[in-house]
Amino acid sequence: MNETNKKIAQTINNLLPELSSLSDQIFDFAEIGYKEYKSSALLADWLSKNGFEVTIPFAGLETAFCGIYKHKGGKANGGLSIGFLGEYDALHCQGHVCAHHMQTPSIIGAAMALINVLSDSDLPYEIHIIGTPSEEALDGGKNKMAENGGFDNIDVAFMVHGNTCTQLDSPTLALIELDIEFFGKSSHAGIAPDEGRSAVDAITMLQTGLGLMRNHLKDGSRVSNIILNGGVAVNAVPDYTKIKVEIRHNTMDYLETIEDWVRNIAEGSALATGTKTKITRIAHIYNTTMNEPLRKLLMKYANEFNCADIKPPREKCGSTDYGIVTQKLPSCSIWVKTIDVNAPPHTDAWYDAGKKPRNYQGIFDGAAICAATAYHILTDKNAFDEVYNCFKNK
Ligand SMILES: [Zn+2]
Ligand SMILES: [Zn+2]
């Protein structure tokens with residue numbers, strides 16, 4: 001291990017009790033999305049006390065924050081701006097079962113190690129530690145933050161996520177959720193059905209249309225639906241129904257083509273059944289795009305720091321609001337081993353692992369990998385150019 005990495009490891013190790021305590025406190029707060037008042041205040045407070053200029057609330061969200069550290073004039077002096085992102089929301093009733101409690105302590109470790117190894121350098125740069133609320137909710141805090149310019153002042157972004165092994169994140173799908181309502185005309189089902197127009201019939205036609213559409217979609221498309229309101233009384237022609245449709249694909253452009261098709265099917269179903277329809281887009285999430293040069297660097301350092309249980313990325317993943325960040329700038333999330341048993345996230349096993357030694361080792365691993373990668377990009381212009389060109393040409 002070279003001197004820089006030794007110094008990175010030493011800085012993080014010295015800080016690890018403090019970082020672990022932050023992780024434990026956030027674990028105990030167990031605050032759900034957009035309600036992470038104590039967690040965000042704790043982290044913002046730590047950053048202000050340790051040389052960061054902190055803004056909270058940030059980017060339009062009460063529980064988001066940004067802590068900035070500038071060296072030798074930072075961006076104004078031609079330096080790069082490194083973004084370290086962290087989540088801290090728990091799941092309703094389940095607590096921290098996705099290990100979000102360790103993320104921000106880990107990236108704080110990365111930031112402090114980077115500051116330490118570059119303390120004598122003349123290189124201008126700046127670090128933005130950005131707290132991003134509510135990852136677990138479908139509307140995703142990062143989407144709202146992006147709309148409010150929350151990621152406009154950083155050149156590259158890193159995130160750490162807990163996991164059962166050390167691996168890179170995998171491509172995730174873009175997602176759109178639509179609520180479709182049908183408005184019919186009520187009438188007595190036995191005496192005067194001819195005077196009624198059935199909102200349930202419209203659902204039948206919609207579901208038939210969705211089924212027929214599926215065969216003509218590009219590979220990897222997903223269309224699912226549930227009925228939220230399927231009528232209330234069988235002896236009356238139902239005048240109101242509501243259905244939720246979720247569509248996924250690996251690009252947002254193509255997903256919007258599917259959305260148009262679904263909207264046409266809903267309009268057609270209403271026309272055919274003499275009902276009216278209202279279509280509302282409830283939420284959307286962008287797909288993640290992969291930055292190979294950045295991923296290579298992260299894995300190089302995962303190996304150099306001998307991180308636990310290194311594996312290739314998974315083939316399939318769901319959807320995450322981190323997608324919008326990867327659309328806006330070069331970025332990557334490294335998953336580090338925070339749990340010793342092989343259980344999926346959002347289960348009790350992850351809760352049980354929340355304060356175990358492996359969790360604290362995960363804080364170290366994430367911090368070390370991100371600090372060394374950020375140092376590499378800051379001190380090797382070719383490396384940054386490669387990362388940036390990969391993003392531009394995506
Ligand atoms: Zn989760
Ligand atoms: Zn998560």
# chains A, B, ... in the order shown; residues from 1 in each chain; ligands from 1
>>> residues_around(residues="Ala368 in chain A", least_positions_apart="2", cutoff="8 Å", atoms="only C-alpha atoms", output="list in words")
Asn5, Ile8, Ala9, Ile12, Gly109, Ala110, Ala113, Tyr301, Phe305, Phe364, Asp365, Gly366, Cys370, Ala371 and Ala372 of chain A
>>> write_last_selection(atoms="N, CA and C atoms", output="PDB file, in the first residue's frame")
ATOM      1  N   ASN A   5      -2.402   5.976   0.596  1.00  0.00           N
ATOM      2  CA  ASN A   5      -3.457   5.074   1.081  1.00  0.00           C
ATOM      3  C   ASN A   5      -3.274   4.714   2.554  1.00  0.00           C
ATOM      4  N   ILE A   8      -4.676   7.599   4.346  1.00  0.00           N
ATOM      5  CA  ILE A   8      -6.144   7.545   4.261  1.00  0.00           C
ATOM      6  C   ILE A   8      -6.683   6.564   5.308  1.00  0.00           C
ATOM      7  N   ALA A   9      -6.095   5.373   5.339  1.00  0.00           N
ATOM      8  CA  ALA A   9      -6.556   4.332   6.276  1.00  0.00           C
ATOM      9  C   ALA A   9      -6.404   4.800   7.727  1.00  0.00           C
ATOM     10  N   ILE A  12      -9.055   7.457   8.708  1.00  0.00           N
ATOM     11  CA  ILE A  12     -10.393   6.873   8.909  1.00  0.00           C
ATOM     12  C   ILE A  12     -10.414   6.043  10.189  1.00  0.00           C
ATOM     13  N   GLY A 109     -16.159  10.075   6.554  1.00  0.00           N
ATOM     14  CA  GLY A 109     -14.817   9.495   6.708  1.00  0.00           C
ATOM     15  C   GLY A 109     -13.986   9.712   5.447  1.00  0.00           C
ATOM     16  N   ALA A 110     -14.615   9.513   4.284  1.00  0.00           N
ATOM     17  CA  ALA A 110     -13.914   9.713   3.005  1.00  0.00           C
ATOM     18  C   ALA A 110     -13.468  11.169   2.872  1.00  0.00           C
ATOM     19  N   ALA A 113     -10.557  12.028   5.249  1.00  0.00           N
ATOM     20  CA  ALA A 113      -9.301  11.411   4.807  1.00  0.00           C
ATOM     21  C   ALA A 113      -8.732  12.174   3.618  1.00  0.00           C
ATOM     22  N   TYR A 301      -9.344   0.342  -5.842  1.00  0.00           N
ATOM     23  CA  TYR A 301      -9.070   0.661  -4.438  1.00  0.00           C
ATOM     24  C   TYR A 301      -9.764  -0.301  -3.471  1.00  0.00           C
ATOM     25  N   PHE A 305      -7.426  -1.880  -0.644  1.00  0.00           N
ATOM     26  CA  PHE A 305      -7.721  -1.825   0.797  1.00  0.00           C
ATOM     27  C   PHE A 305      -8.198  -3.174   1.325  1.00  0.00           C
ATOM     28  N   PHE A 364     -15.669   1.909   7.312  1.00  0.00           N
ATOM     29  CA  PHE A 364     -14.260   2.078   6.944  1.00  0.00           C
ATOM     30  C   PHE A 364     -14.051   1.799   5.461  1.00  0.00           C
ATOM     31  N   ASP A 365     -14.550   0.658   4.978  1.00  0.00           N
ATOM     32  CA  ASP A 365     -14.312   0.252   3.586  1.00  0.00           C
ATOM     33  C   ASP A 365     -14.840   1.307   2.611  1.00  0.00           C
ATOM     34  N   GLY A 366     -16.072   1.755   2.831  1.00  0.00           N
ATOM     35  CA  GLY A 366     -16.671   2.760   1.940  1.00  0.00           C
ATOM     36  C   GLY A 366     -15.866   4.046   1.939  1.00  0.00           C
ATOM     37  N   CYS A 370     -13.756   5.462  -1.390  1.00  0.00           N
ATOM     38  CA  CYS A 370     -14.167   6.760  -1.969  1.00  0.00           C
ATOM     39  C   CYS A 370     -13.058   7.804  -1.832  1.00  0.00           C
ATOM     40  N   ALA A 371     -12.366   7.815  -0.696  1.00  0.00           N
ATOM     41  CA  ALA A 371     -11.290   8.802  -0.501  1.00  0.00           C
ATOM     42  C   ALA A 371     -10.172   8.570  -1.527  1.00  0.00           C
ATOM     43  N   ALA A 372      -9.753   7.304  -1.684  1.00  0.00           N
ATOM     44  CA  ALA A 372      -8.640   7.006  -2.599  1.00  0.00           C
ATOM     45  C   ALA A 372      -9.026   7.292  -4.045  1.00  0.00           C
TER      46      ALA A 372
END
>>> residues_near_ligand(ligand="ligand 1", cutoff="7 Å", atoms="only C-alpha atoms and all ligand atoms", output="PyMOL selection string")
chain A and resi 98+136+345-346
>>> write_last_selection(atoms="N, CA and C atoms", output="PDB file, in the first residue's frame")
ATOM      1  N   CYS A  98     -31.997  -1.091   5.532  1.00  0.00           N
ATOM      2  CA  CYS A  98     -31.315  -0.951   4.233  1.00  0.00           C
ATOM      3  C   CYS A  98     -29.930  -0.320   4.461  1.00  0.00           C
ATOM      4  N   GLU A 136     -36.201   5.743   0.022  1.00  0.00           N
ATOM      5  CA  GLU A 136     -37.110   4.580  -0.031  1.00  0.00           C
ATOM      6  C   GLU A 136     -38.471   4.919  -0.634  1.00  0.00           C
ATOM      7  N   PRO A 345     -31.909  -7.037   1.637  1.00  0.00           N
ATOM      8  CA  PRO A 345     -32.276  -5.856   2.424  1.00  0.00           C
ATOM      9  C   PRO A 345     -33.781  -5.809   2.685  1.00  0.00           C
ATOM     10  N   HIS A 346     -34.185  -4.960   3.604  1.00  0.00           N
ATOM     11  CA  HIS A 346     -35.590  -4.787   4.023  1.00  0.00           C
ATOM     12  C   HIS A 346     -36.078  -6.019   4.787  1.00  0.00           C
TER      13      HIS A 346
END
>>> select_by_dssp(residues="range 101-310 of chain A", states="helix (DSSP H, G or I)", output="number ranges by chain")
A: 101-117, 141-147, 193-195, 199-214, 252-273, 292-304
>>> write_last_selection(atoms="C-alpha atoms", output="PDB file, in the first residue's frame")
ATOM      1  CA  HIS A 101     -27.605   4.804   8.757  1.00  0.00           C
ATOM      2  CA  MET A 102     -23.964   4.034   7.865  1.00  0.00           C
ATOM      3  CA  GLN A 103     -23.838   5.875   4.525  1.00  0.00           C
ATOM      4  CA  THR A 104     -23.189   9.452   5.587  1.00  0.00           C
ATOM      5  CA  PRO A 105     -20.759   8.546   8.408  1.00  0.00           C
ATOM      6  CA  SER A 106     -18.825   6.590   5.762  1.00  0.00           C
ATOM      7  CA  ILE A 107     -18.680   9.448   3.256  1.00  0.00           C
ATOM      8  CA  ILE A 108     -17.746  11.850   6.056  1.00  0.00           C
ATOM      9  CA  GLY A 109     -14.817   9.495   6.708  1.00  0.00           C
ATOM     10  CA  ALA A 110     -13.914   9.713   3.005  1.00  0.00           C
ATOM     11  CA  ALA A 111     -14.054  13.518   3.079  1.00  0.00           C
ATOM     12  CA  MET A 112     -11.912  13.836   6.210  1.00  0.00           C
ATOM     13  CA  ALA A 113      -9.301  11.411   4.807  1.00  0.00           C
ATOM     14  CA  LEU A 114      -9.179  13.340   1.532  1.00  0.00           C
ATOM     15  CA  ILE A 115      -8.745  16.638   3.375  1.00  0.00           C
ATOM     16  CA  ASN A 116      -5.933  15.116   5.421  1.00  0.00           C
ATOM     17  CA  VAL A 117      -3.929  13.682   2.498  1.00  0.00           C
ATOM     18  CA  GLY A 141     -35.801  12.953  -2.587  1.00  0.00           C
ATOM     19  CA  LYS A 142     -32.994  13.186  -5.145  1.00  0.00           C
ATOM     20  CA  ASN A 143     -35.496  13.885  -7.934  1.00  0.00           C
ATOM     21  CA  LYS A 144     -36.790  16.919  -6.058  1.00  0.00           C
ATOM     22  CA  MET A 145     -33.257  18.031  -5.141  1.00  0.00           C
ATOM     23  CA  ALA A 146     -32.180  17.751  -8.780  1.00  0.00           C
ATOM     24  CA  GLU A 147     -35.134  19.910  -9.869  1.00  0.00           C
ATOM     25  CA  PRO A 193     -78.422  -1.445 -17.019  1.00  0.00           C
ATOM     26  CA  ASP A 194     -78.984   0.197 -20.427  1.00  0.00           C
ATOM     27  CA  GLU A 195     -78.931   3.574 -18.700  1.00  0.00           C
ATOM     28  CA  ALA A 199     -66.288   1.960 -15.079  1.00  0.00           C
ATOM     29  CA  VAL A 200     -65.392  -1.705 -14.413  1.00  0.00           C
ATOM     30  CA  ASP A 201     -65.806  -2.510 -18.115  1.00  0.00           C
ATOM     31  CA  ALA A 202     -63.261   0.216 -18.808  1.00  0.00           C
ATOM     32  CA  ILE A 203     -60.762  -1.526 -16.487  1.00  0.00           C
ATOM     33  CA  THR A 204     -61.367  -4.839 -18.297  1.00  0.00           C
ATOM     34  CA  MET A 205     -60.588  -3.176 -21.616  1.00  0.00           C
ATOM     35  CA  LEU A 206     -57.560  -1.388 -20.160  1.00  0.00           C
ATOM     36  CA  GLN A 207     -56.103  -4.622 -18.802  1.00  0.00           C
ATOM     37  CA  THR A 208     -56.755  -6.405 -22.105  1.00  0.00           C
ATOM     38  CA  GLY A 209     -55.043  -3.551 -23.946  1.00  0.00           C
ATOM     39  CA  LEU A 210     -52.032  -3.640 -21.611  1.00  0.00           C
ATOM     40  CA  GLY A 211     -51.740  -7.392 -22.133  1.00  0.00           C
ATOM     41  CA  LEU A 212     -51.813  -7.048 -25.921  1.00  0.00           C
ATOM     42  CA  MET A 213     -49.342  -4.165 -25.834  1.00  0.00           C
ATOM     43  CA  ARG A 214     -46.758  -6.228 -23.857  1.00  0.00           C
ATOM     44  CA  MET A 252     -36.451   6.965 -19.739  1.00  0.00           C
ATOM     45  CA  ASP A 253     -36.860   7.894 -23.438  1.00  0.00           C
ATOM     46  CA  TYR A 254     -38.343   4.527 -24.337  1.00  0.00           C
ATOM     47  CA  LEU A 255     -40.321   4.405 -21.098  1.00  0.00           C
ATOM     48  CA  GLU A 256     -42.098   7.620 -22.106  1.00  0.00           C
ATOM     49  CA  THR A 257     -43.071   5.946 -25.386  1.00  0.00           C
ATOM     50  CA  ILE A 258     -44.675   3.153 -23.354  1.00  0.00           C
ATOM     51  CA  GLU A 259     -46.373   5.764 -21.176  1.00  0.00           C
ATOM     52  CA  ASP A 260     -47.970   7.357 -24.267  1.00  0.00           C
ATOM     53  CA  TRP A 261     -49.196   3.926 -25.361  1.00  0.00           C
ATOM     54  CA  VAL A 262     -50.742   3.241 -21.920  1.00  0.00           C
ATOM     55  CA  ARG A 263     -52.453   6.641 -22.029  1.00  0.00           C
ATOM     56  CA  ASN A 264     -53.902   5.843 -25.472  1.00  0.00           C
ATOM     57  CA  ILE A 265     -55.190   2.485 -24.209  1.00  0.00           C
ATOM     58  CA  ALA A 266     -56.908   4.258 -21.294  1.00  0.00           C
ATOM     59  CA  GLU A 267     -58.486   6.856 -23.603  1.00  0.00           C
ATOM     60  CA  GLY A 268     -59.573   4.083 -25.993  1.00  0.00           C
ATOM     61  CA  SER A 269     -61.059   2.042 -23.137  1.00  0.00           C
ATOM     62  CA  ALA A 270     -63.061   5.056 -21.985  1.00  0.00           C
ATOM     63  CA  LEU A 271     -64.290   5.761 -25.518  1.00  0.00           C
ATOM     64  CA  ALA A 272     -65.315   2.142 -26.060  1.00  0.00           C
ATOM     65  CA  THR A 273     -67.252   1.906 -22.791  1.00  0.00           C
ATOM     66  CA  GLU A 292     -16.896   2.426 -16.401  1.00  0.00           C
ATOM     67  CA  PRO A 293     -13.685   4.428 -15.763  1.00  0.00           C
ATOM     68  CA  LEU A 294     -15.023   5.476 -12.367  1.00  0.00           C
ATOM     69  CA  ARG A 295     -16.131   1.925 -11.590  1.00  0.00           C
ATOM     70  CA  LYS A 296     -12.672   0.589 -12.463  1.00  0.00           C
ATOM     71  CA  LEU A 297     -11.030   3.037 -10.074  1.00  0.00           C
ATOM     72  CA  LEU A 298     -13.407   2.184  -7.228  1.00  0.00           C
ATOM     73  CA  MET A 299     -12.710  -1.528  -7.628  1.00  0.00           C
ATOM     74  CA  LYS A 300      -8.959  -0.914  -7.895  1.00  0.00           C
ATOM     75  CA  TYR A 301      -9.070   0.661  -4.438  1.00  0.00           C
ATOM     76  CA  ALA A 302     -11.538  -1.896  -3.055  1.00  0.00           C
ATOM     77  CA  ASN A 303      -8.822  -4.437  -3.865  1.00  0.00           C
ATOM     78  CA  GLU A 304      -5.959  -2.309  -2.528  1.00  0.00           C
TER      79      GLU A 304
END
>>> residues_around(residues="Gly354 in chain A", least_positions_apart="5", cutoff="9 Å", atoms="only C-alpha atoms", output="list in words")
Ser23, Asp24, Phe27, His96, Val97, Ala99, His101, Met102, Thr338, Ile339, Ala349 and Asn359 of chain A
>>> residues_near_ligand(ligand="ligand 2", cutoff="12 Å", atoms="only C-alpha atoms and all ligand atoms", output="PyMOL selection string")
chain A and resi 33+86-91+96-103+132-137+140+159-163+169+317-322+333-336+344-347+350
>>> atom_distance(atom1="CA of Gly362 in chain A", atom2="CA of Gln167 in chain A")
12.0 Å
>>> select_by_dssp(residues="range 71-200 of chain A", states="strand (DSSP E or B)", output="PyMOL selection string")
chain A and resi 71+80-86+90-91+95+125-131+156-163+166-168+174-183+185+188+197
>>> residues_around(residues="Ile247 in chain A", least_positions_apart="3", cutoff="7 Å", atoms="only C-alpha atoms", output="PyMOL selection string")
chain A and resi 175-177+222-224
>>> residues_around(residues="range 48-54 of chain A", least_positions_apart="3", cutoff="6 Å", atoms="only C-alpha atoms", output="list of chain:residue names")
A:Asp45, A:Cys66, A:Gly67, A:Ile68, A:Tyr69
>>> atom_distance(atom1="CA of Pro124 in chain A", atom2="CA of Ile82 in chain A")
11.5 Å
>>> atom_distance(atom1="CA of Leu123 in chain A", atom2="CA of Lys70 in chain A")
10.7 Å
>>> residues_around(residues="range 185-187 of chain A", least_positions_apart="6", cutoff="10 Å", atoms="only C-alpha atoms", output="MDAnalysis selection string")
chainID A and resid 193:199 235:240 274:276
>>> closest_residue(among="A:Ala157, A:Tyr351, A:Gly190, A:Gly184", to="Thr326 in chain A", atoms="only C-alpha atoms")
A:Ala157
>>> closest_residue(among="A:Ile310, A:Leu217, A:Val156, A:Ile243", to="Ile127 in chain A", atoms="only C-alpha atoms")
A:Val156
>>> closest_residue(among="A:Ala308, A:Val341, A:Leu22, A:Ala64", to="Thr166 in chain A", atoms="only C-alpha atoms")
A:Ala308
>>> residues_around(residues="Glu62 in chain A", least_positions_apart="2", cutoff="9 Å", atoms="only C-alpha atoms", output="MDAnalysis selection string")
chainID A and resid 34:37 56:60 64:65 133
>>> write_last_selection(atoms="C-alpha atoms", output="CSV table (one decimal), in the first residue's frame")
chain,number,residue,atom,x,y,z
A,34,TYR,CA,-38.7,13.5,4.7
A,35,LYS,CA,-39.0,13.2,8.5
A,36,GLU,CA,-35.2,12.7,9.1
A,37,TYR,CA,-35.0,15.9,11.3
A,56,ILE,CA,-29.8,23.2,6.0
A,57,PRO,CA,-32.5,22.9,4.7
A,58,PHE,CA,-31.0,22.5,1.2
A,59,ALA,CA,-32.4,22.2,-2.4
A,60,GLY,CA,-36.0,22.7,-1.3
A,64,ALA,CA,-31.5,17.8,3.1
A,65,PHE,CA,-28.2,19.6,3.7
A,133,PRO,CA,-33.6,12.4,2.2
>>> closest_residue(among="A:Gly95, A:Ala30, A:Pro313, A:Leu329", to="Asp152 in chain A", atoms="only C-alpha atoms")
A:Leu329
>>> closest_residue(among="A:Leu19, A:Leu118, A:Ala44, A:Ile32", to="Thr379 in chain A", atoms="only C-alpha atoms")
A:Leu118
>>> closest_residue(among="A:Gly230, A:Pro312, A:Gly74, A:Pro17", to="Asp122 in chain A", atoms="only C-alpha atoms")
A:Gly74
>>> decode(residues="range 200-230 of chain A", atoms="N, CA and C atoms", output="short mmCIF file (atom, residue, chain, number, x, y, z; two decimals), in the first residue's frame")
data_model
loop_
_atom_site.label_atom_id
_atom_site.label_comp_id
_atom_site.auth_asym_id
_atom_site.auth_seq_id
_atom_site.Cartn_x
_atom_site.Cartn_y
_atom_site.Cartn_z
N VAL A 200 -66.10 -0.42 -14.50
CA VAL A 200 -65.39 -1.70 -14.41
C VAL A 200 -65.09 -2.24 -15.82
N ASP A 201 -66.05 -2.07 -16.73
CA ASP A 201 -65.81 -2.51 -18.11
C ASP A 201 -64.57 -1.80 -18.67
N ALA A 202 -64.42 -0.54 -18.31
CA ALA A 202 -63.26 0.22 -18.81
C ALA A 202 -61.95 -0.40 -18.30
N ILE A 203 -61.97 -0.86 -17.03
CA ILE A 203 -60.76 -1.53 -16.49
C ILE A 203 -60.48 -2.82 -17.26
N THR A 204 -61.55 -3.58 -17.55
CA THR A 204 -61.37 -4.84 -18.30
C THR A 204 -60.69 -4.55 -19.64
N MET A 205 -61.17 -3.51 -20.31
CA MET A 205 -60.59 -3.18 -21.62
C MET A 205 -59.15 -2.68 -21.46
N LEU A 206 -58.92 -1.90 -20.40
CA LEU A 206 -57.56 -1.39 -20.16
C LEU A 206 -56.59 -2.55 -19.94
N GLN A 207 -57.00 -3.50 -19.10
CA GLN A 207 -56.10 -4.62 -18.80
C GLN A 207 -55.88 -5.49 -20.04
N THR A 208 -56.91 -5.65 -20.85
CA THR A 208 -56.75 -6.41 -22.11
C THR A 208 -55.77 -5.68 -23.02
N GLY A 209 -55.93 -4.36 -23.10
CA GLY A 209 -55.04 -3.55 -23.95
C GLY A 209 -53.60 -3.62 -23.47
N LEU A 210 -53.40 -3.56 -22.15
CA LEU A 210 -52.03 -3.64 -21.61
C LEU A 210 -51.41 -4.99 -21.96
N GLY A 211 -52.23 -6.04 -21.83
CA GLY A 211 -51.74 -7.39 -22.13
C GLY A 211 -51.33 -7.53 -23.59
N LEU A 212 -52.13 -6.96 -24.49
CA LEU A 212 -51.81 -7.05 -25.92
C LEU A 212 -50.60 -6.19 -26.27
N MET A 213 -50.48 -5.06 -25.59
CA MET A 213 -49.34 -4.17 -25.83
C MET A 213 -48.01 -4.85 -25.48
N ARG A 214 -48.01 -5.62 -24.38
CA ARG A 214 -46.76 -6.23 -23.86
C ARG A 214 -45.95 -6.94 -24.94
N ASN A 215 -46.65 -7.65 -25.83
CA ASN A 215 -45.96 -8.44 -26.85
C ASN A 215 -45.14 -7.57 -27.80
N HIS A 216 -45.45 -6.29 -27.88
CA HIS A 216 -44.80 -5.43 -28.87
C HIS A 216 -43.81 -4.46 -28.25
N LEU A 217 -43.52 -4.66 -26.97
CA LEU A 217 -42.55 -3.78 -26.30
C LEU A 217 -41.15 -4.35 -26.43
N LYS A 218 -40.17 -3.46 -26.35
CA LYS A 218 -38.78 -3.91 -26.39
C LYS A 218 -38.47 -4.81 -25.20
N ASP A 219 -37.50 -5.70 -25.38
CA ASP A 219 -37.08 -6.60 -24.30
C ASP A 219 -36.74 -5.79 -23.05
N GLY A 220 -37.04 -6.36 -21.92
CA GLY A 220 -36.68 -5.70 -20.66
C GLY A 220 -37.75 -4.75 -20.17
N SER A 221 -38.85 -4.59 -20.92
CA SER A 221 -39.93 -3.71 -20.46
C SER A 221 -40.76 -4.46 -19.42
N ARG A 222 -41.31 -3.72 -18.47
CA ARG A 222 -42.16 -4.31 -17.45
C ARG A 222 -43.43 -3.49 -17.34
N VAL A 223 -44.59 -4.18 -17.29
CA VAL A 223 -45.88 -3.50 -17.12
C VAL A 223 -46.64 -4.23 -16.04
N SER A 224 -46.93 -3.57 -14.92
CA SER A 224 -47.71 -4.24 -13.89
C SER A 224 -48.85 -3.33 -13.44
N ASN A 225 -49.89 -3.91 -12.90
CA ASN A 225 -51.00 -3.07 -12.44
C ASN A 225 -51.73 -3.71 -11.28
N ILE A 226 -52.36 -2.85 -10.47
CA ILE A 226 -53.26 -3.33 -9.42
C ILE A 226 -54.53 -2.48 -9.49
N ILE A 227 -55.64 -3.07 -9.03
CA ILE A 227 -56.90 -2.32 -9.00
C ILE A 227 -57.06 -1.71 -7.61
N LEU A 228 -57.13 -0.40 -7.57
CA LEU A 228 -57.26 0.29 -6.28
C LEU A 228 -58.73 0.42 -5.89
N ASN A 229 -59.59 0.58 -6.90
CA ASN A 229 -61.03 0.65 -6.64
C ASN A 229 -61.73 -0.06 -7.80
N GLY A 230 -62.36 -1.18 -7.50
CA GLY A 230 -62.99 -1.97 -8.56
C GLY A 230 -64.50 -1.95 -8.47
#
